[in-house]
Amino acid sequence: MARTLFNFGDILDDNGAHLGLDNPALIHGDRMISWPEMTARSNNAARALRSLGAETGDKVGFYMRNQPDYMEGLVACFKARLTPVNVNYRYLDDELVYIIDNSDSVAVLYDVEFRDNVERVRTRLPKVKIWVEIGSGLNVPDFAVSYDALVDEGDGAPLEIERSPDDLVFLYTGGTTGMPKGVMWSHGIWRESSLDSMRRIYGGAPETWEEHRVFVKDVGSLGRQLPACPLMHGTGLFTALAAMLNGGAVVTLESKVKFDPEQLWDTVDRHGVTAMAIVGDAFAKPMQKVLDDNPGRFDLSSVASIASSGVMWSMDVKRGMIRHMPQVALIDSFGASEAVGFGMSVTTAESAPETAKFQIGEHCKVFAEDGREIEPGSDEPGFIARGGAVPLGYYKDEKKSAETFKTINGVRYAVPGDWCTVAADGTLTLLGRGSICINSGGEKIYPEEVEEALKEHHSVRDALVVGVPDEQWGQAVTGVVELADGADLDEDALRAFVRTKLAAYKAPKRVVAMPDLQRAPNGKADYKGVKAFALEVLGLQV
């Protein structure tokens with residue numbers, strides 16, 4: 001039977017055959033699941049799902065917070081040739097029905113925490129044949145089967161099944177520009193994209209089974225990855241999946257409902273976490289505060305890297321982190337659900353690139369709206385495009401697929417809509433999404449660079465920038481800030497501060513304070529809600 005390095009199920013099977021009881025796969029508080037145990041449990045679950053009627057290519061919804069069952073369930077799906085679908089646990093009834101129905105899920109793995117939600121919507125989801133409840137032992141409702149029963153019943157043997165690099169993973173976007181869309185990643189494409197990153201960072205990557213096994217033994221199995229952000233989003237999912245494929249352990253926090261930075265550092269200390277995934281300052285600022293308030297309390301010597309993706313991570317906070325962990329590499333990864341590897345910025349104790357500046361990825365180019373490739377050093381804004389290993393498109397949405405996955409000069413690219421400038425040395429300066437660009441007095445202003453300037457002020461915990469209607473300017477740049485504890489809003493001071501960082505025309509015409517910017521768990525901004533707040537405070541109408 002042919003086995004390939006480009007199918008997750010095959011890789012995880014091989015890891016399970018070569019890693020022992022002293023190699024943890026999943027860690028959650030006092031609970032530690034070894035690779036042999038996780039391998040047997042996931043094999044049992046995979047076989048059970050197929051016996052319950054799930055067939056190759058069928059979709060499986062994952063409706064839970066960060067917990068070991070999330071990763072174990074994913075492994076089971078990969079082994080059974082089923083397609084996992086991320087479900088946002090914050091969704092209400094109609095949103096929940098949409099995502100499960102749109103993905104054509106035939107099975108849903110859900111935590112007992114969400115049983116009442118499932119009870120309300122399940123009759124609206126006739127395509128779902130299998131409801132699997134997690135966290136209630138064998139005490140499940142009549143319509144569901146017990147997850148514990150699935151993983152415990154069976155001999156744990158590998159499935160005799162031939163898999164393909166074309167097996168899929170769905171990653172649903174947050175729906176900031178319409179309803180959520182399911183990005184279709186094949187195992188082979190995702191794996192090639194991941195190997196591209198390894199080649200770039202390490203100068204090489206395991207290309208054969210023999211090389212993979214050596215890498216797992218000598219490097220991968222030593223890694224302990226803690227996704228502080230939700231596994232239901234790309235940053236958490238991709239980093240955790242990479243750790244599993246490399247034979248390492250995924251560590252999840254016990255406090256599932258609210259991010260607890262003190263518990264995070266306790267967990268790092270206790271379990272020797274080597275890497276973490278966060279989403280910008282929304283995570284990093286409270287993490288830094290705990291370290292500042294408790295100098296020397298935690299053993300942080302194991303931490304080699306902290307990666308952030310999705311939003312900017314300000315330099316002041318990075319420097320604060322490095323004061324406590326001089327050995328750490330702080331990585332800003334510029335990517336999207338539709339592609340990874342647009343660019344990367346690495347900050348260490350010896351090097352500190354500017355916020356929002358990235359080294360462009362090997363397969364990336366910057367284009368003008370008319371399709372011209374932007375000349376490096378020209379300062380002309382353009383959109384970033386990633387060629388090479390990119391997804392197949394959006395599930396059941398050919399129109400939006402054509403808009404995002406474009407062929408330019410004969411090459412297929414992923415173009416999620418991020419704008420930037422490119423310097424002569426290939427350094428990217430991220431400007432923001434074209435969909436939220438502000439046109440003020442004929443000048444294009446990208447909110448993200450103004451937000452970063454505002455966040456550098458000591459009185460600002462977080463900031464978003466929107467354009468509001470203005471008779472003189474067409475749109476007026478407006479800052480909406482979440483103030484630091486004990487700070488008062490000084491609008492003139494903030495506007496003057498931004499003018500010391502950026503051209504004067506980019507400075508906000510007005511700044512208003514909002515108690516909570518209400519970012520999503522993955523750090524993504526609700527620009528629509530923030531703009532509505534600004535309009536109300538300023539007494540304006542759309």
# chains A, B, ... in the order shown; residues from 1 in each chain; ligands from 1
call {"tool": "residues_around", "arguments": {"residues": "segment 322-333 of chain A", "least_positions_apart": "6", "cutoff": "7 Å", "atoms": "only C-alpha atoms", "output": "PyMOL selection string"}}
result
chain A and resi 300+303-309+343-349
call {"tool": "closest_atom_pairs", "arguments": {"of": "segment 83-168 of chain A", "to": "segment 237-261 of chain A", "cutoff": "12 Å", "atoms": "only C-alpha atoms", "output": "Markdown table"}}
result
| residue | atom | partner | partner_atom | distance |
| --- | --- | --- | --- | --- |
| A:Pro84 | CA | A:Leu237 | CA | 11.3 |
| A:Val85 | CA | A:Leu237 | CA | 11.2 |
| A:Asn86 | CA | A:Leu237 | CA | 9.2 |
| A:Tyr89 | CA | A:Val257 | CA | 10.3 |
| A:Arg90 | CA | A:Val257 | CA | 10.5 |
| A:Asp111 | CA | A:Lys256 | CA | 11.6 |
| A:Glu113 | CA | A:Val257 | CA | 10.6 |
call {"tool": "write_last_selection", "arguments": {"atoms": "N, CA and C atoms", "output": "CSV table (one decimal), in the first residue's frame"}}
result
chain,number,residue,atom,x,y,z
A,84,PRO,N,-12.3,17.8,8.2
A,84,PRO,CA,-12.7,18.6,9.4
A,84,PRO,C,-13.1,20.0,9.0
A,85,VAL,N,-14.1,20.6,9.7
A,85,VAL,CA,-14.6,21.9,9.5
A,85,VAL,C,-14.6,22.6,10.8
A,86,ASN,N,-14.0,23.8,10.8
A,86,ASN,CA,-13.9,24.6,12.1
A,86,ASN,C,-15.2,25.4,12.3
A,89,TYR,N,-17.2,28.7,18.1
A,89,TYR,CA,-18.0,28.4,19.2
A,89,TYR,C,-18.8,29.6,19.8
A,90,ARG,N,-18.6,30.8,19.2
A,90,ARG,CA,-19.3,32.0,19.6
A,90,ARG,C,-20.6,32.1,18.8
A,111,ASP,N,-18.7,19.8,22.3
A,111,ASP,CA,-18.5,19.7,23.7
A,111,ASP,C,-19.9,19.8,24.4
A,113,GLU,N,-20.7,21.4,26.8
A,113,GLU,CA,-21.0,22.8,27.1
A,113,GLU,C,-22.0,23.4,26.1
call {"tool": "select_by_dssp", "arguments": {"residues": "segment 438-516 of chain A", "states": "alpha helix (DSSP H)", "output": "list of chain:residue names"}}
result
A:Pro447, A:Glu448, A:Glu449, A:Val450, A:Glu451, A:Glu452, A:Ala453, A:Leu454, A:Lys455, A:Glu491, A:Asp492, A:Ala493, A:Leu494, A:Arg495, A:Ala496, A:Phe497, A:Val498, A:Arg499
call {"tool": "residues_around", "arguments": {"residues": "segment 180-193 of chain A", "least_positions_apart": "6", "cutoff": "6 Å", "atoms": "only C-alpha atoms", "output": "PyMOL selection string"}}
result
chain A and resi 6-7+165-174+389+391-395
call {"tool": "write_last_selection", "arguments": {"atoms": "N, CA and C atoms", "output": "PDB file, in the first residue's frame"}}
result
ATOM      1  N   PHE A   6       2.708  13.334   2.173  1.00  0.00           N
ATOM      2  CA  PHE A   6       1.842  14.475   1.932  1.00  0.00           C
ATOM      3  C   PHE A   6       0.391  14.185   2.294  1.00  0.00           C
ATOM      4  N   ASN A   7       0.168  13.213   3.159  1.00  0.00           N
ATOM      5  CA  ASN A   7      -1.156  13.003   3.743  1.00  0.00           C
ATOM      6  C   ASN A   7      -0.999  12.978   5.257  1.00  0.00           C
ATOM      7  N   PRO A 165      -2.973  12.648  -1.014  1.00  0.00           N
ATOM      8  CA  PRO A 165      -2.621  14.043  -0.758  1.00  0.00           C
ATOM      9  C   PRO A 165      -3.771  15.001  -1.066  1.00  0.00           C
ATOM     10  N   ASP A 166      -4.781  14.507  -1.803  1.00  0.00           N
ATOM     11  CA  ASP A 166      -5.917  15.350  -2.167  1.00  0.00           C
ATOM     12  C   ASP A 166      -6.998  15.384  -1.096  1.00  0.00           C
ATOM     13  N   ASP A 167      -6.845  14.629   0.005  1.00  0.00           N
ATOM     14  CA  ASP A 167      -7.778  14.739   1.126  1.00  0.00           C
ATOM     15  C   ASP A 167      -7.771  16.185   1.628  1.00  0.00           C
ATOM     16  N   LEU A 168      -8.894  16.621   2.193  1.00  0.00           N
ATOM     17  CA  LEU A 168      -9.088  18.049   2.447  1.00  0.00           C
ATOM     18  C   LEU A 168      -9.193  18.416   3.925  1.00  0.00           C
ATOM     19  N   VAL A 169      -8.869  19.677   4.198  1.00  0.00           N
ATOM     20  CA  VAL A 169      -9.175  20.364   5.453  1.00  0.00           C
ATOM     21  C   VAL A 169      -9.907  21.644   5.075  1.00  0.00           C
ATOM     22  N   PHE A 170     -11.017  21.939   5.745  1.00  0.00           N
ATOM     23  CA  PHE A 170     -11.720  23.200   5.512  1.00  0.00           C
ATOM     24  C   PHE A 170     -11.348  24.192   6.611  1.00  0.00           C
ATOM     25  N   LEU A 171     -11.100  25.423   6.208  1.00  0.00           N
ATOM     26  CA  LEU A 171     -10.873  26.500   7.165  1.00  0.00           C
ATOM     27  C   LEU A 171     -11.832  27.630   6.826  1.00  0.00           C
ATOM     28  N   TYR A 172     -12.905  27.743   7.629  1.00  0.00           N
ATOM     29  CA  TYR A 172     -13.891  28.794   7.386  1.00  0.00           C
ATOM     30  C   TYR A 172     -13.372  30.121   7.914  1.00  0.00           C
ATOM     31  N   THR A 173     -13.504  31.146   7.066  1.00  0.00           N
ATOM     32  CA  THR A 173     -13.100  32.497   7.442  1.00  0.00           C
ATOM     33  C   THR A 173     -14.143  33.108   8.364  1.00  0.00           C
ATOM     34  N   GLY A 174     -13.798  34.240   8.948  1.00  0.00           N
ATOM     35  CA  GLY A 174     -14.692  34.877   9.921  1.00  0.00           C
ATOM     36  C   GLY A 174     -15.872  35.605   9.338  1.00  0.00           C
ATOM     37  N   ALA A 389       2.091  26.983  -3.455  1.00  0.00           N
ATOM     38  CA  ALA A 389       1.157  26.106  -2.735  1.00  0.00           C
ATOM     39  C   ALA A 389       0.033  26.942  -2.113  1.00  0.00           C
ATOM     40  N   PRO A 391      -4.496  27.307  -1.653  1.00  0.00           N
ATOM     41  CA  PRO A 391      -5.687  26.447  -1.598  1.00  0.00           C
ATOM     42  C   PRO A 391      -6.406  26.307  -2.931  1.00  0.00           C
ATOM     43  N   LEU A 392      -7.352  25.383  -2.945  1.00  0.00           N
ATOM     44  CA  LEU A 392      -8.112  25.098  -4.154  1.00  0.00           C
ATOM     45  C   LEU A 392      -9.157  26.165  -4.437  1.00  0.00           C
ATOM     46  N   GLY A 393      -9.585  26.882  -3.393  1.00  0.00           N
ATOM     47  CA  GLY A 393     -10.631  27.886  -3.542  1.00  0.00           C
ATOM     48  C   GLY A 393     -11.574  27.834  -2.368  1.00  0.00           C
ATOM     49  N   TYR A 394     -12.714  28.512  -2.507  1.00  0.00           N
ATOM     50  CA  TYR A 394     -13.752  28.493  -1.482  1.00  0.00           C
ATOM     51  C   TYR A 394     -14.779  27.406  -1.814  1.00  0.00           C
ATOM     52  N   TYR A 395     -15.240  26.709  -0.808  1.00  0.00           N
ATOM     53  CA  TYR A 395     -16.202  25.622  -0.999  1.00  0.00           C
ATOM     54  C   TYR A 395     -17.526  26.179  -1.510  1.00  0.00           C
TER      55      TYR A 395
END
call {"tool": "residues_around", "arguments": {"residues": "segment 406-410 of chain A", "least_positions_apart": "3", "cutoff": "12 Å", "atoms": "only C-alpha atoms", "output": "number ranges by chain"}}
result
A: 338, 365-373, 384-388, 390-393, 398-403, 413-417
call {"tool": "closest_residue", "arguments": {"among": "A:Ala453, A:Lys59, A:Tyr98, A:Asn44", "to": "Ala503 of chain A", "atoms": "only C-alpha atoms"}}
result
A:Ala453
call {"tool": "atom_distance", "arguments": {"atom1": "atom CA of Ala17 of chain A", "atom2": "atom CA of Glu37 of chain A"}}
result
11.1 Å
call {"tool": "select_by_dssp", "arguments": {"residues": "segment 175-265 of chain A", "states": "strand (DSSP E or B)", "output": "MDAnalysis selection string"}}
result
chainID A and resid 182:186 224:227 249:252
call {"tool": "write_last_selection", "arguments": {"atoms": "N, CA and C atoms", "output": "PDB file, in the first residue's frame"}}
result
ATOM      1  N   GLY A 182     -15.642  28.789   3.233  1.00  0.00           N
ATOM      2  CA  GLY A 182     -14.791  27.653   3.557  1.00  0.00           C
ATOM      3  C   GLY A 182     -13.617  27.538   2.610  1.00  0.00           C
ATOM      4  N   VAL A 183     -12.411  27.828   3.095  1.00  0.00           N
ATOM      5  CA  VAL A 183     -11.207  27.691   2.279  1.00  0.00           C
ATOM      6  C   VAL A 183     -10.823  26.217   2.223  1.00  0.00           C
ATOM      7  N   MET A 184     -10.640  25.701   1.031  1.00  0.00           N
ATOM      8  CA  MET A 184     -10.341  24.281   0.835  1.00  0.00           C
ATOM      9  C   MET A 184      -8.831  24.075   0.689  1.00  0.00           C
ATOM     10  N   TRP A 185      -8.238  23.529   1.735  1.00  0.00           N
ATOM     11  CA  TRP A 185      -6.821  23.162   1.708  1.00  0.00           C
ATOM     12  C   TRP A 185      -6.719  21.647   1.524  1.00  0.00           C
ATOM     13  N   SER A 186      -5.975  21.220   0.532  1.00  0.00           N
ATOM     14  CA  SER A 186      -5.656  19.790   0.465  1.00  0.00           C
ATOM     15  C   SER A 186      -4.470  19.518   1.378  1.00  0.00           C
ATOM     16  N   ARG A 224       6.918  21.491  22.309  1.00  0.00           N
ATOM     17  CA  ARG A 224       5.641  21.563  23.022  1.00  0.00           C
ATOM     18  C   ARG A 224       4.990  22.897  22.671  1.00  0.00           C
ATOM     19  N   GLN A 225       3.978  22.809  21.817  1.00  0.00           N
ATOM     20  CA  GLN A 225       3.334  23.989  21.240  1.00  0.00           C
ATOM     21  C   GLN A 225       2.069  24.329  22.017  1.00  0.00           C
ATOM     22  N   LEU A 226       1.972  25.577  22.459  1.00  0.00           N
ATOM     23  CA  LEU A 226       0.785  26.043  23.177  1.00  0.00           C
ATOM     24  C   LEU A 226       0.050  27.061  22.315  1.00  0.00           C
ATOM     25  N   PRO A 227      -1.083  26.680  21.711  1.00  0.00           N
ATOM     26  CA  PRO A 227      -1.886  27.661  20.989  1.00  0.00           C
ATOM     27  C   PRO A 227      -2.745  28.450  21.986  1.00  0.00           C
ATOM     28  N   ALA A 249       4.136  17.827  21.003  1.00  0.00           N
ATOM     29  CA  ALA A 249       2.943  17.837  21.846  1.00  0.00           C
ATOM     30  C   ALA A 249       2.218  19.163  21.687  1.00  0.00           C
ATOM     31  N   VAL A 250       0.893  19.101  21.784  1.00  0.00           N
ATOM     32  CA  VAL A 250       0.061  20.306  21.815  1.00  0.00           C
ATOM     33  C   VAL A 250      -0.440  20.485  23.238  1.00  0.00           C
ATOM     34  N   VAL A 251      -0.163  21.652  23.804  1.00  0.00           N
ATOM     35  CA  VAL A 251      -0.535  21.968  25.184  1.00  0.00           C
ATOM     36  C   VAL A 251      -1.697  22.950  25.138  1.00  0.00           C
ATOM     37  N   THR A 252      -2.803  22.609  25.809  1.00  0.00           N
ATOM     38  CA  THR A 252      -3.952  23.520  25.848  1.00  0.00           C
ATOM     39  C   THR A 252      -4.181  23.999  27.273  1.00  0.00           C
TER      40      THR A 252
END
call {"tool": "residues_around", "arguments": {"residues": "Trp313 of chain A", "least_positions_apart": "4", "cutoff": "8 Å", "atoms": "only C-alpha atoms", "output": "list in words"}}
result
Val279, Gly280, Asp281, Ala284, Ser308, Val317, Lys318, Asp332 and Thr355 of chain A
call {"tool": "closest_residue", "arguments": {"among": "A:Tyr527, A:Phe62, A:Phe342, A:Phe215", "to": "Val106 of chain A", "atoms": "only C-alpha atoms"}}
result
A:Phe62
call {"tool": "residues_around", "arguments": {"residues": "Glu491 of chain A", "least_positions_apart": "6", "cutoff": "12 Å", "atoms": "only C-alpha atoms", "output": "PyMOL selection string"}}
result
chain A and resi 454+457+459-460+478-481+483+497-498+507-513
call {"tool": "closest_residue", "arguments": {"among": "A:Ile374, A:Ile27, A:Val145, A:Ala476", "to": "Gly426 of chain A", "atoms": "only C-alpha atoms"}}
result
A:Ile374
call {"tool": "closest_residue", "arguments": {"among": "A:Ala487, A:Leu517, A:Leu195, A:Val530", "to": "His212 of chain A", "atoms": "only C-alpha atoms"}}
result
A:Leu195
call {"tool": "residues_around", "arguments": {"residues": "Asp93 of chain A", "least_positions_apart": "4", "cutoff": "8 Å", "atoms": "only C-alpha atoms", "output": "VMD selection string"}}
result
chain A and resid 97 117 120 to 121
call {"tool": "atom_distance", "arguments": {"atom1": "atom CA of Gly203 of chain A", "atom2": "atom CA of Leu222 of chain A"}}
result
19.5 Å
call {"tool": "closest_residue", "arguments": {"among": "A:Ser51, A:Ala277, A:Trp265, A:His271", "to": "Arg31 of chain A", "atoms": "only C-alpha atoms"}}
result
A:His271
call {"tool": "atom_distance", "arguments": {"atom1": "atom CA of Asp425 of chain A", "atom2": "atom CA of Glu362 of chain A"}}
result
13.2 Å
call {"tool": "closest_residue", "arguments": {"among": "A:Gly529, A:Gly335, A:Gly220, A:Gly29", "to": "Gly234 of chain A", "atoms": "only C-alpha atoms"}}
result
A:Gly335
call {"tool": "decode", "arguments": {"residues": "segment 55-68 of chain A", "atoms": "N, CA and C atoms", "output": "CSV table (one decimal), in the first residue's frame"}}
result
chain,number,residue,atom,x,y,z
A,55,GLU,N,-18.3,8.6,5.2
A,55,GLU,CA,-17.5,8.1,4.1
A,55,GLU,C,-16.4,9.0,3.7
A,56,THR,N,-15.5,8.5,2.9
A,56,THR,CA,-14.3,9.3,2.4
A,56,THR,C,-14.8,10.6,1.8
A,57,GLY,N,-14.2,11.7,2.3
A,57,GLY,CA,-14.6,13.0,1.8
A,57,GLY,C,-15.7,13.7,2.6
A,58,ASP,N,-16.4,13.0,3.4
A,58,ASP,CA,-17.5,13.6,4.2
A,58,ASP,C,-16.9,14.7,5.2
A,59,LYS,N,-17.7,15.7,5.5
A,59,LYS,CA,-17.3,16.8,6.3
A,59,LYS,C,-17.7,16.5,7.8
A,60,VAL,N,-16.9,17.0,8.7
A,60,VAL,CA,-17.1,16.8,10.1
A,60,VAL,C,-16.9,18.1,10.8
A,61,GLY,N,-17.9,18.7,11.5
A,61,GLY,CA,-17.9,19.9,12.2
A,61,GLY,C,-17.2,19.8,13.5
A,62,PHE,N,-16.4,20.7,13.9
A,62,PHE,CA,-15.7,20.8,15.2
A,62,PHE,C,-16.2,22.0,16.0
A,63,TYR,N,-17.1,21.7,17.0
A,63,TYR,CA,-17.8,22.7,17.8
A,63,TYR,C,-17.4,22.6,19.2
A,64,MET,N,-16.2,23.2,19.5
A,64,MET,CA,-15.7,23.1,20.9
A,64,MET,C,-14.6,24.2,21.0
A,65,ARG,N,-14.2,24.4,22.3
A,65,ARG,CA,-13.1,25.3,22.6
A,65,ARG,C,-11.7,24.5,22.5
A,66,ASN,N,-10.6,25.2,22.9
A,66,ASN,CA,-9.4,24.5,22.9
A,66,ASN,C,-9.3,23.4,24.0
A,67,GLN,N,-9.1,22.2,23.6
A,67,GLN,CA,-9.1,21.0,24.5
A,67,GLN,C,-8.4,19.8,23.8
A,68,PRO,N,-7.9,18.8,24.5
A,68,PRO,CA,-7.2,17.7,23.8
A,68,PRO,C,-8.1,17.0,22.8
